[in-house]
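File shown here: input-v4.txt, holding compact mmCIF, C-alpha atoms.
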# COMPACT_ATOMS: atom_id res chain seq x y z
CA MET X 1 -26.35 -27.06 -10.16
CA ARG X 2 -22.68 -27.61 -9.42
CA VAL X 3 -20.52 -24.56 -8.75
CA ASP X 4 -17.19 -24.43 -10.56
CA PHE X 5 -15.07 -23.05 -7.71
CA HIS X 6 -12.10 -22.47 -10.00
CA VAL X 7 -14.17 -20.21 -12.27
CA LEU X 8 -15.70 -18.48 -9.23
CA LYS X 9 -12.28 -17.86 -7.69
CA GLN X 10 -10.87 -16.46 -10.93
CA SER X 11 -13.92 -14.21 -11.42
CA ILE X 12 -13.60 -12.75 -7.92
CA LYS X 13 -9.87 -12.23 -8.47
CA TRP X 14 -10.35 -10.23 -11.66
CA ILE X 15 -13.14 -8.16 -10.08
CA VAL X 16 -10.73 -7.25 -7.27
CA TYR X 17 -7.99 -6.36 -9.77
CA SER X 18 -10.44 -4.15 -11.72
CA LEU X 19 -11.53 -2.33 -8.56
CA LEU X 20 -7.89 -1.69 -7.66
CA LEU X 21 -7.41 -0.05 -11.06
CA VAL X 22 -10.41 2.21 -10.40
CA ASN X 23 -9.06 3.10 -6.96
CA SER X 24 -5.77 4.23 -8.49
CA ALA X 25 -7.64 7.11 -10.16
CA LEU X 26 -9.26 8.04 -6.83
CA TYR X 27 -5.89 8.22 -5.09
CA LEU X 28 -4.36 10.27 -7.90
CA ASN X 29 -7.19 12.76 -7.41
CA TRP X 30 -6.59 12.68 -3.62
CA ASP X 31 -2.88 13.44 -4.04
CA TRP X 32 -3.65 16.21 -6.51
CA HIS X 33 -6.13 17.73 -4.05
CA SER X 34 -3.55 17.53 -1.21
CA ALA X 35 -0.89 19.12 -3.43
CA THR X 36 -3.11 22.14 -4.11
CA HIS X 37 -3.16 22.79 -0.35
CA THR X 38 0.41 21.90 0.64
CA MET X 39 2.67 22.74 -2.32
CA GLY X 40 4.08 26.02 -3.52
CA SER X 41 5.04 26.91 -7.08
CA ALA X 42 8.81 26.51 -6.60
CA GLU X 43 9.00 23.25 -4.67
CA PRO X 44 11.91 20.88 -5.48
CA LEU X 45 11.26 17.59 -7.30
CA ILE X 46 11.83 15.52 -4.14
CA LYS X 47 8.95 17.40 -2.48
CA TRP X 48 6.62 16.67 -5.42
CA LEU X 49 7.60 13.01 -5.28
CA GLN X 50 6.79 13.06 -1.57
CA VAL X 51 3.33 14.59 -1.97
CA TYR X 52 2.50 12.17 -4.82
CA ALA X 53 4.02 9.21 -2.97
CA THR X 54 0.66 7.43 -2.67
CA SER X 55 -0.07 7.61 -6.42
CA ILE X 56 3.46 6.49 -7.30
CA ASP X 57 3.17 3.71 -4.76
CA TYR X 58 -0.17 2.65 -6.23
CA ALA X 59 1.19 2.43 -9.78
CA VAL X 60 4.12 0.33 -8.55
CA TRP X 61 1.78 -2.03 -6.70
CA LEU X 62 -0.33 -2.51 -9.82
CA VAL X 63 2.80 -3.47 -11.76
CA LEU X 64 3.89 -5.83 -8.97
CA ILE X 65 0.56 -7.62 -8.71
CA ALA X 66 0.51 -8.02 -12.50
CA LEU X 67 4.02 -9.54 -12.42
CA PHE X 68 3.10 -11.90 -9.58
CA GLU X 69 -0.06 -12.95 -11.43
CA LEU X 70 1.98 -13.71 -14.54
CA GLU X 71 4.59 -15.70 -12.65
CA THR X 72 2.30 -17.63 -10.32
CA TYR X 73 -0.65 -18.31 -12.63
CA VAL X 74 -0.72 -17.02 -16.21
CA LEU X 75 2.64 -18.07 -17.67
CA SER X 76 3.31 -21.73 -18.30
CA ASP X 77 6.67 -23.30 -17.47
CA ALA X 78 7.53 -23.29 -21.18
CA ALA X 79 6.78 -19.57 -21.51
CA PHE X 80 8.73 -18.71 -18.37
CA THR X 81 12.14 -18.81 -20.06
CA PRO X 82 15.37 -17.66 -18.36
CA LEU X 83 15.17 -14.38 -20.31
CA VAL X 84 11.57 -13.76 -19.21
CA ARG X 85 12.50 -14.68 -15.64
CA ARG X 86 15.42 -12.21 -15.57
CA LEU X 87 13.28 -9.47 -17.13
CA MET X 88 10.48 -9.91 -14.59
CA HIS X 89 12.87 -10.07 -11.67
CA GLY X 90 14.60 -6.91 -12.91
CA ILE X 91 11.29 -5.02 -13.14
CA ARG X 92 10.34 -6.24 -9.66
CA LEU X 93 13.67 -5.01 -8.30
CA LEU X 94 12.96 -1.58 -9.78
CA CYS X 95 9.50 -1.66 -8.18
CA TYR X 96 11.05 -2.47 -4.79
CA LEU X 97 13.26 0.59 -5.12
CA PHE X 98 10.14 2.71 -5.63
CA LEU X 99 8.57 1.10 -2.56
CA ILE X 100 11.65 2.03 -0.56
CA HIS X 101 11.10 5.59 -1.80
CA THR X 102 7.53 5.38 -0.44
CA VAL X 103 8.87 4.39 2.96
CA TYR X 104 11.27 7.36 2.76
CA ALA X 105 8.42 9.72 1.78
CA TYR X 106 6.25 8.59 4.68
CA SER X 107 9.25 8.83 7.03
CA ALA X 108 9.86 12.40 5.85
CA ASN X 109 6.19 13.25 6.37
CA THR X 110 6.28 11.79 9.89
CA TYR X 111 9.41 13.83 10.66
CA GLU X 112 7.79 17.02 9.36
CA VAL X 113 4.61 16.52 11.41
CA TYR X 114 6.68 15.98 14.56
CA PHE X 115 9.59 18.39 14.17
CA GLU X 116 8.75 21.03 11.53
CA VAL X 117 5.60 22.39 13.17
CA GLU X 118 5.39 26.05 14.18
CA ASN X 119 3.11 27.63 16.75
CA ALA X 120 0.64 29.77 14.81
CA ALA X 121 0.26 32.26 17.69
CA VAL X 122 -3.32 33.14 16.74
CA PRO X 123 -6.34 32.98 19.09
CA ASP X 124 -8.73 31.76 16.39
CA LEU X 125 -8.76 30.71 12.76
CA CYS X 126 -10.60 33.78 11.57
CA GLN X 127 -7.32 35.70 11.82
CA VAL X 128 -5.92 33.64 8.95
CA ALA X 129 -9.13 33.52 6.90
CA ASP X 130 -8.89 34.15 3.14
CA ARG X 131 -5.07 33.88 3.12
CA SER X 132 -4.87 30.65 1.07
CA ILE X 133 -4.20 28.69 4.26
CA SER X 134 -5.80 25.25 4.68
CA PHE X 135 -7.02 23.57 7.85
CA VAL X 136 -6.17 19.85 8.03
CA SER X 137 -8.27 17.36 9.98
CA ASN X 138 -8.08 13.57 9.54
CA GLN X 139 -5.91 14.10 6.41
CA GLN X 140 -8.63 16.23 4.83
CA TYR X 141 -7.84 19.81 3.75
CA THR X 142 -10.21 22.79 3.80
CA TYR X 143 -9.33 26.35 2.83
CA VAL X 144 -9.95 28.69 5.76
CA ASP X 145 -12.31 31.50 4.80
CA ALA X 146 -14.61 33.95 6.53
CA GLN X 147 -17.58 31.58 6.23
CA ASN X 148 -16.00 28.49 7.85
CA CYS X 149 -13.29 29.85 10.15
CA ALA X 150 -15.53 29.94 13.23
CA ARG X 151 -16.49 26.24 12.99
CA LEU X 152 -13.13 24.76 11.97
CA GLY X 153 -10.90 23.52 14.76
CA THR X 154 -11.60 22.29 18.28
CA GLY X 155 -9.20 24.29 20.42
CA GLN X 156 -7.29 27.52 20.91
CA ASP X 157 -3.79 26.19 20.22
CA TYR X 158 -3.05 26.30 16.50
CA PHE X 159 0.00 25.08 14.60
CA LEU X 160 1.41 25.70 11.13
CA LEU X 161 2.66 22.93 8.83
CA ASP X 162 4.05 22.77 5.28
CA ASP X 163 5.89 26.10 5.49
CA GLY X 164 2.82 27.89 6.82
CA ARG X 165 0.42 26.76 4.09
CA VAL X 166 -1.50 24.43 6.45
CA ILE X 167 -2.86 25.07 9.93
CA THR X 168 -4.38 22.73 12.51
CA ASP X 169 -5.24 22.63 16.20
CA PHE X 170 -3.76 20.55 19.02
CA VAL X 171 -6.29 17.72 18.77
CA ASN X 172 -5.96 17.35 15.01
CA LEU X 173 -2.18 17.69 15.14
CA ALA X 174 -2.07 14.68 17.48
CA ARG X 175 -4.31 12.81 15.02
CA GLU X 176 -2.07 13.74 12.06
CA LYS X 177 0.95 12.43 13.97
CA TRP X 178 -0.78 9.10 14.65
CA LEU X 179 -1.96 8.77 11.04
CA ALA X 180 1.55 9.55 9.79
CA TRP X 181 2.87 6.66 11.90
CA LEU X 182 0.14 4.37 10.55
CA ASP X 183 0.99 5.29 6.94
CA LEU X 184 4.64 4.53 7.62
CA ALA X 185 3.86 1.24 9.38
CA GLU X 186 1.58 0.17 6.52
CA ALA X 187 4.26 0.89 3.91
CA VAL X 188 6.88 -1.06 5.89
CA LEU X 189 4.51 -4.02 6.37
CA TRP X 190 3.78 -4.25 2.66
CA LEU X 191 7.48 -4.07 1.82
CA PHE X 192 8.06 -6.87 4.35
CA ILE X 193 5.32 -8.95 2.69
CA MET X 194 6.96 -8.42 -0.70
CA VAL X 195 10.25 -9.78 0.62
CA LEU X 196 8.43 -12.83 2.02
CA ILE X 197 6.55 -13.44 -1.26
CA GLU X 198 9.78 -13.07 -3.23
CA LEU X 199 11.51 -15.64 -1.01
CA THR X 200 8.55 -18.01 -1.31
CA ILE X 201 8.57 -17.77 -5.11
CA ARG X 202 12.32 -18.38 -5.24
CA LEU X 203 11.91 -21.51 -3.10
CA GLN X 204 9.05 -22.82 -5.20
CA ASP X 205 11.05 -22.10 -8.36
CA ARG X 206 13.53 -24.62 -6.97
CA GLY X 207 10.82 -27.20 -6.42
CA VAL X 208 10.43 -26.62 -2.68
CA SER X 209 6.75 -27.05 -1.77
CA SER X 210 6.89 -27.72 1.99
CA GLY X 211 9.20 -27.71 4.99
CA THR X 212 10.30 -25.33 7.71
CA ALA X 213 11.22 -22.46 5.38
CA ILE X 214 7.88 -22.41 3.54
CA THR X 215 5.92 -22.79 6.80
CA THR X 216 7.85 -19.96 8.49
CA LEU X 217 7.35 -17.63 5.53
CA ASN X 218 3.61 -18.37 5.50
CA TYR X 219 3.28 -17.67 9.23
CA LEU X 220 5.17 -14.38 8.86
CA LYS X 221 2.96 -13.33 5.96
CA PHE X 222 -0.17 -14.20 7.94
CA ALA X 223 1.05 -12.05 10.85
CA ALA X 224 1.78 -9.13 8.50
CA TYR X 225 -1.60 -9.40 6.75
CA THR X 226 -3.31 -9.50 10.15
CA ALA X 227 -1.53 -6.28 11.16
CA LEU X 228 -2.68 -4.66 7.89
CA VAL X 229 -6.27 -5.69 8.58
CA GLY X 230 -5.92 -4.02 11.98
CA ILE X 231 -4.72 -0.79 10.35
CA ALA X 232 -7.56 -0.96 7.83
CA VAL X 233 -10.15 -1.41 10.59
CA HIS X 234 -8.71 1.61 12.44
CA TRP X 235 -9.05 3.69 9.27
CA GLY X 236 -12.63 2.54 8.87
CA LEU X 237 -13.49 3.45 12.46
CA THR X 238 -11.99 6.93 12.04
CA ASP X 239 -13.96 7.76 8.86
CA LEU X 240 -11.07 7.19 6.45
CA LEU X 241 -13.34 4.93 4.44
CA LEU X 242 -11.38 5.11 1.17
CA ASN X 243 -8.25 3.96 3.01
CA PHE X 244 -10.21 1.09 4.60
CA TRP X 245 -11.79 0.01 1.32
CA ASP X 246 -8.53 0.24 -0.59
CA GLU X 247 -6.52 -1.68 2.02
CA MET X 248 -9.05 -4.51 2.07
CA LEU X 249 -8.98 -4.64 -1.73
CA TRP X 250 -5.18 -4.96 -1.75
CA ILE X 251 -5.31 -7.66 0.90
CA GLY X 252 -7.88 -9.44 -1.29
CA GLY X 253 -5.67 -9.00 -4.35
CA PHE X 254 -2.67 -10.54 -2.63
CA ALA X 255 -4.88 -13.26 -1.15
CA ALA X 256 -5.44 -14.21 -4.81
CA ILE X 257 -1.66 -14.33 -5.36
CA GLU X 258 -1.34 -16.49 -2.23
CA MET X 259 -3.98 -18.86 -3.66
CA ASN X 260 -2.02 -19.01 -6.90
CA MET X 261 1.10 -19.99 -4.96
CA SER X 262 -0.86 -22.56 -2.96
CA ASP X 263 -2.10 -24.15 -6.20
CA TRP X 264 1.48 -24.07 -7.48
CA ARG X 265 2.68 -25.87 -4.32
CA GLU X 266 0.05 -28.55 -4.83
CA GLU X 267 1.31 -29.06 -8.40
CA LEU X 268 4.88 -29.31 -7.10
CA GLU X 269 3.85 -31.83 -4.45
CA GLU X 270 2.07 -33.94 -7.09
CA ALA X 271 5.11 -33.79 -9.36
CA ASN X 272 7.44 -34.66 -6.47
CA GLY X 273 5.13 -37.55 -5.55
CA VAL X 274 5.21 -38.89 -9.09
CA ARG X 275 9.00 -38.67 -9.20
CA SER X 276 9.28 -40.41 -5.83
CA HIS X 277 6.95 -43.17 -7.02
CA ILE X 278 8.97 -43.67 -10.23
CA ALA X 279 12.22 -43.75 -8.28
CA HIS X 280 10.76 -46.24 -5.81
CA THR X 281 9.45 -48.43 -8.68
CA LYS X 282 12.87 -48.51 -10.35
CA THR X 283 14.53 -49.65 -7.14

When written as structure tokens, how does the structure in this file appear?
Amino acid sequence: MRVDFHVLKQSIKWIVYSLLLVNSALYLNWDWHSATHTMGSAEPLIKWLQVYATSIDYAVWLVLIALFELETYVLSDAAFTPLVRRLMHGIRLLCYLFLIHTVYAYSANTYEVYFEVENAAVPDLCQVADRSISFVSNQQYTYVDAQNCARLGTGQDYFLLDDGRVITDFVNLAREKWLAWLDLAEAVLWLFIMVLIELTIRLQDRGVSSGTAITTLNYLKFAAYTALVGIAVHWGLTDLLLNFWDEMLWIGGFAAIEMNMSDWREELEEANGVRSHIAHTKT
């Protein structure tokens, strides 16, 4: 039995897209859970946007991947009118602004973890038990109570974060700092990839299917994707399995967009070859 690789590729692509949609609900729940531990009742809007940065970021990415799928595969040349093109580019520009906000939110979180940390001045966690204070370890929050206070933490130096609503020890504070940097690096890498994809699409819109510019953009994207795989593997090795799973799904989703653009380049090369042959025949 012959395998229709086109059908197989499209089936895998839509499975990946569906799983990404499911993951969006998981991350919304994660952000909500984090907010219950880190947010007060009178926080400003910018703080709420910061704590829900991942969910906002996720929604924007779903819109972006849908737009890229429309432009690189679904819409025909006839359907992709100048009005549709301007509309899609305008929506993508708005999405990029939200992604810049994500970078800002992660930058603010990194700053807070490094510079807005207070020494808790307590010998053990049981002194803050049952005070609505949460212990954070590996980005996971647990309310400190009389039953768990003796087993939470790994050291005697404790630090307060998020205006005293969160506490952690020296070892976990160092881990939170490293994870904050990874979150920021991941957001910057994805924004960089978006710029590269946007440039590639603009070139292919002009009929450019090969050459130094296309090759350079592809190499840069490959390097960025490789760095993201490295971050995902680190998350997997440090028990942040949802982060690992989600990152690999997104890489798979954008691998599908890259395949769409590769097919598009092949169509351009065939069309350019036909035009060259016609021109050569006429001469």

Go through stretch 82-141 of chain X and flag each residue having an atom no more than 10 Å from stretch 240-262 of chain X; for those, report the closest pair of atoms plus their distance in Å to one decimal, using all atoms listed in the file, ordered by chain and rising number, as a tab-separated table.
residue	atom	partner	partner_atom	distance
X:Asn138	CA	X:Leu240	CA	7.7
X:Gln139	CA	X:Leu240	CA	8.6
X:Gln140	CA	X:Leu240	CA	9.5

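One distance worth recording is that between atom CA of X:Tyr96 and atom CA of X:Leu191, which is 7.7 Å.
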
To one decimal place, how far is atom CA of X:Asn172 from atom CA of X:Thr154 in Å?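 These atoms are spaced 8.2 Å apart.
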
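The interatomic distance for the pair atom CA of X:Thr142 and atom CA of X:Asp130 works out to 11.5 Å.
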
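Nearest to X:Val229 of all the residues X:Leu97, X:Gln147, X:Leu217, X:Glu186 is X:Glu186, counting all atoms listed in the file.
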
Starting from the sparse input, extend stretch 206-229 of chain X to N, CA, C and O atoms and give the output as a PDB file, in the frame of the given file.
ATOM      1  N   ARG X 206      12.563 -23.526  -7.138  1.00  0.00           N
ATOM      2  CA  ARG X 206      13.530 -24.620  -6.970  1.00  0.00           C
ATOM      3  C   ARG X 206      12.863 -25.938  -6.619  1.00  0.00           C
ATOM      4  O   ARG X 206      13.539 -26.905  -6.266  1.00  0.00           O
ATOM      5  N   GLY X 207      11.542 -25.969  -6.684  1.00  0.00           N
ATOM      6  CA  GLY X 207      10.820 -27.200  -6.420  1.00  0.00           C
ATOM      7  C   GLY X 207      10.494 -27.458  -4.973  1.00  0.00           C
ATOM      8  O   GLY X 207      10.029 -28.542  -4.620  1.00  0.00           O
ATOM      9  N   VAL X 208      10.723 -26.460  -4.105  1.00  0.00           N
ATOM     10  CA  VAL X 208      10.430 -26.620  -2.680  1.00  0.00           C
ATOM     11  C   VAL X 208       8.970 -26.291  -2.440  1.00  0.00           C
ATOM     12  O   VAL X 208       8.529 -25.163  -2.692  1.00  0.00           O
ATOM     13  N   SER X 209       8.180 -27.259  -1.969  1.00  0.00           N
ATOM     14  CA  SER X 209       6.750 -27.050  -1.770  1.00  0.00           C
ATOM     15  C   SER X 209       6.331 -27.147  -0.300  1.00  0.00           C
ATOM     16  O   SER X 209       5.196 -26.832   0.040  1.00  0.00           O
ATOM     17  N   SER X 210       7.229 -27.577   0.571  1.00  0.00           N
ATOM     18  CA  SER X 210       6.890 -27.720   1.990  1.00  0.00           C
ATOM     19  C   SER X 210       8.179 -27.645   2.801  1.00  0.00           C
ATOM     20  O   SER X 210       9.272 -27.484   2.241  1.00  0.00           O
ATOM     21  N   GLY X 211       8.029 -27.757   4.127  1.00  0.00           N
ATOM     22  CA  GLY X 211       9.200 -27.710   4.990  1.00  0.00           C
ATOM     23  C   GLY X 211       9.192 -26.496   5.893  1.00  0.00           C
ATOM     24  O   GLY X 211       8.298 -25.643   5.838  1.00  0.00           O
ATOM     25  N   THR X 212      10.216 -26.391   6.716  1.00  0.00           N
ATOM     26  CA  THR X 212      10.300 -25.330   7.710  1.00  0.00           C
ATOM     27  C   THR X 212      10.329 -23.940   7.092  1.00  0.00           C
ATOM     28  O   THR X 212       9.659 -23.010   7.574  1.00  0.00           O
ATOM     29  N   ALA X 213      11.085 -23.782   6.001  1.00  0.00           N
ATOM     30  CA  ALA X 213      11.220 -22.460   5.380  1.00  0.00           C
ATOM     31  C   ALA X 213       9.883 -21.960   4.852  1.00  0.00           C
ATOM     32  O   ALA X 213       9.481 -20.815   5.129  1.00  0.00           O
ATOM     33  N   ILE X 214       9.175 -22.806   4.098  1.00  0.00           N
ATOM     34  CA  ILE X 214       7.880 -22.410   3.540  1.00  0.00           C
ATOM     35  C   ILE X 214       6.890 -22.119   4.661  1.00  0.00           C
ATOM     36  O   ILE X 214       6.154 -21.113   4.633  1.00  0.00           O
ATOM     37  N   THR X 215       6.852 -22.977   5.674  1.00  0.00           N
ATOM     38  CA  THR X 215       5.920 -22.790   6.800  1.00  0.00           C
ATOM     39  C   THR X 215       6.203 -21.482   7.529  1.00  0.00           C
ATOM     40  O   THR X 215       5.284 -20.725   7.863  1.00  0.00           O
ATOM     41  N   THR X 216       7.480 -21.191   7.784  1.00  0.00           N
ATOM     42  CA  THR X 216       7.850 -19.960   8.490  1.00  0.00           C
ATOM     43  C   THR X 216       7.456 -18.723   7.686  1.00  0.00           C
ATOM     44  O   THR X 216       6.899 -17.762   8.235  1.00  0.00           O
ATOM     45  N   LEU X 217       7.717 -18.756   6.380  1.00  0.00           N
ATOM     46  CA  LEU X 217       7.350 -17.630   5.530  1.00  0.00           C
ATOM     47  C   LEU X 217       5.834 -17.410   5.528  1.00  0.00           C
ATOM     48  O   LEU X 217       5.364 -16.266   5.588  1.00  0.00           O
ATOM     49  N   ASN X 218       5.073 -18.498   5.485  1.00  0.00           N
ATOM     50  CA  ASN X 218       3.610 -18.370   5.500  1.00  0.00           C
ATOM     51  C   ASN X 218       3.104 -17.793   6.819  1.00  0.00           C
ATOM     52  O   ASN X 218       2.180 -16.971   6.834  1.00  0.00           O
ATOM     53  N   TYR X 219       3.684 -18.210   7.932  1.00  0.00           N
ATOM     54  CA  TYR X 219       3.280 -17.670   9.230  1.00  0.00           C
ATOM     55  C   TYR X 219       3.605 -16.176   9.324  1.00  0.00           C
ATOM     56  O   TYR X 219       2.806 -15.382   9.848  1.00  0.00           O
ATOM     57  N   LEU X 220       4.783 -15.791   8.824  1.00  0.00           N
ATOM     58  CA  LEU X 220       5.170 -14.380   8.860  1.00  0.00           C
ATOM     59  C   LEU X 220       4.246 -13.541   7.996  1.00  0.00           C
ATOM     60  O   LEU X 220       3.845 -12.428   8.382  1.00  0.00           O
ATOM     61  N   LYS X 221       3.890 -14.060   6.825  1.00  0.00           N
ATOM     62  CA  LYS X 221       2.960 -13.330   5.960  1.00  0.00           C
ATOM     63  C   LYS X 221       1.595 -13.195   6.622  1.00  0.00           C
ATOM     64  O   LYS X 221       0.971 -12.127   6.550  1.00  0.00           O
ATOM     65  N   PHE X 222       1.125 -14.264   7.252  1.00  0.00           N
ATOM     66  CA  PHE X 222      -0.170 -14.200   7.940  1.00  0.00           C
ATOM     67  C   PHE X 222      -0.153 -13.135   9.028  1.00  0.00           C
ATOM     68  O   PHE X 222      -1.114 -12.362   9.169  1.00  0.00           O
ATOM     69  N   ALA X 223       0.938 -13.062   9.792  1.00  0.00           N
ATOM     70  CA  ALA X 223       1.050 -12.050  10.850  1.00  0.00           C
ATOM     71  C   ALA X 223       1.028 -10.641  10.250  1.00  0.00           C
ATOM     72  O   ALA X 223       0.370  -9.737  10.788  1.00  0.00           O
ATOM     73  N   ALA X 224       1.738 -10.446   9.136  1.00  0.00           N
ATOM     74  CA  ALA X 224       1.780  -9.130   8.500  1.00  0.00           C
ATOM     75  C   ALA X 224       0.416  -8.743   7.935  1.00  0.00           C
ATOM     76  O   ALA X 224      -0.033  -7.596   8.087  1.00  0.00           O
ATOM     77  N   TYR X 225      -0.256  -9.682   7.277  1.00  0.00           N
ATOM     78  CA  TYR X 225      -1.600  -9.400   6.750  1.00  0.00           C
ATOM     79  C   TYR X 225      -2.568  -9.065   7.881  1.00  0.00           C
ATOM     80  O   TYR X 225      -3.423  -8.185   7.740  1.00  0.00           O
ATOM     81  N   THR X 226      -2.446  -9.771   9.002  1.00  0.00           N
ATOM     82  CA  THR X 226      -3.310  -9.500  10.150  1.00  0.00           C
ATOM     83  C   THR X 226      -3.099  -8.079  10.667  1.00  0.00           C
ATOM     84  O   THR X 226      -4.064  -7.369  10.996  1.00  0.00           O
ATOM     85  N   ALA X 227      -1.834  -7.655  10.730  1.00  0.00           N
ATOM     86  CA  ALA X 227      -1.530  -6.280  11.160  1.00  0.00           C
ATOM     87  C   ALA X 227      -2.134  -5.268  10.187  1.00  0.00           C
ATOM     88  O   ALA X 227      -2.668  -4.229  10.603  1.00  0.00           O
ATOM     89  N   LEU X 228      -2.091  -5.568   8.887  1.00  0.00           N
ATOM     90  CA  LEU X 228      -2.680  -4.660   7.890  1.00  0.00           C
ATOM     91  C   LEU X 228      -4.192  -4.584   8.031  1.00  0.00           C
ATOM     92  O   LEU X 228      -4.778  -3.511   7.868  1.00  0.00           O
ATOM     93  N   VAL X 229      -4.826  -5.709   8.331  1.00  0.00           N
ATOM     94  CA  VAL X 229      -6.270  -5.690   8.580  1.00  0.00           C
ATOM     95  C   VAL X 229      -6.580  -4.789   9.774  1.00  0.00           C
ATOM     96  O   VAL X 229      -7.548  -4.015   9.759  1.00  0.00           O
TER      97      VAL X 229
END
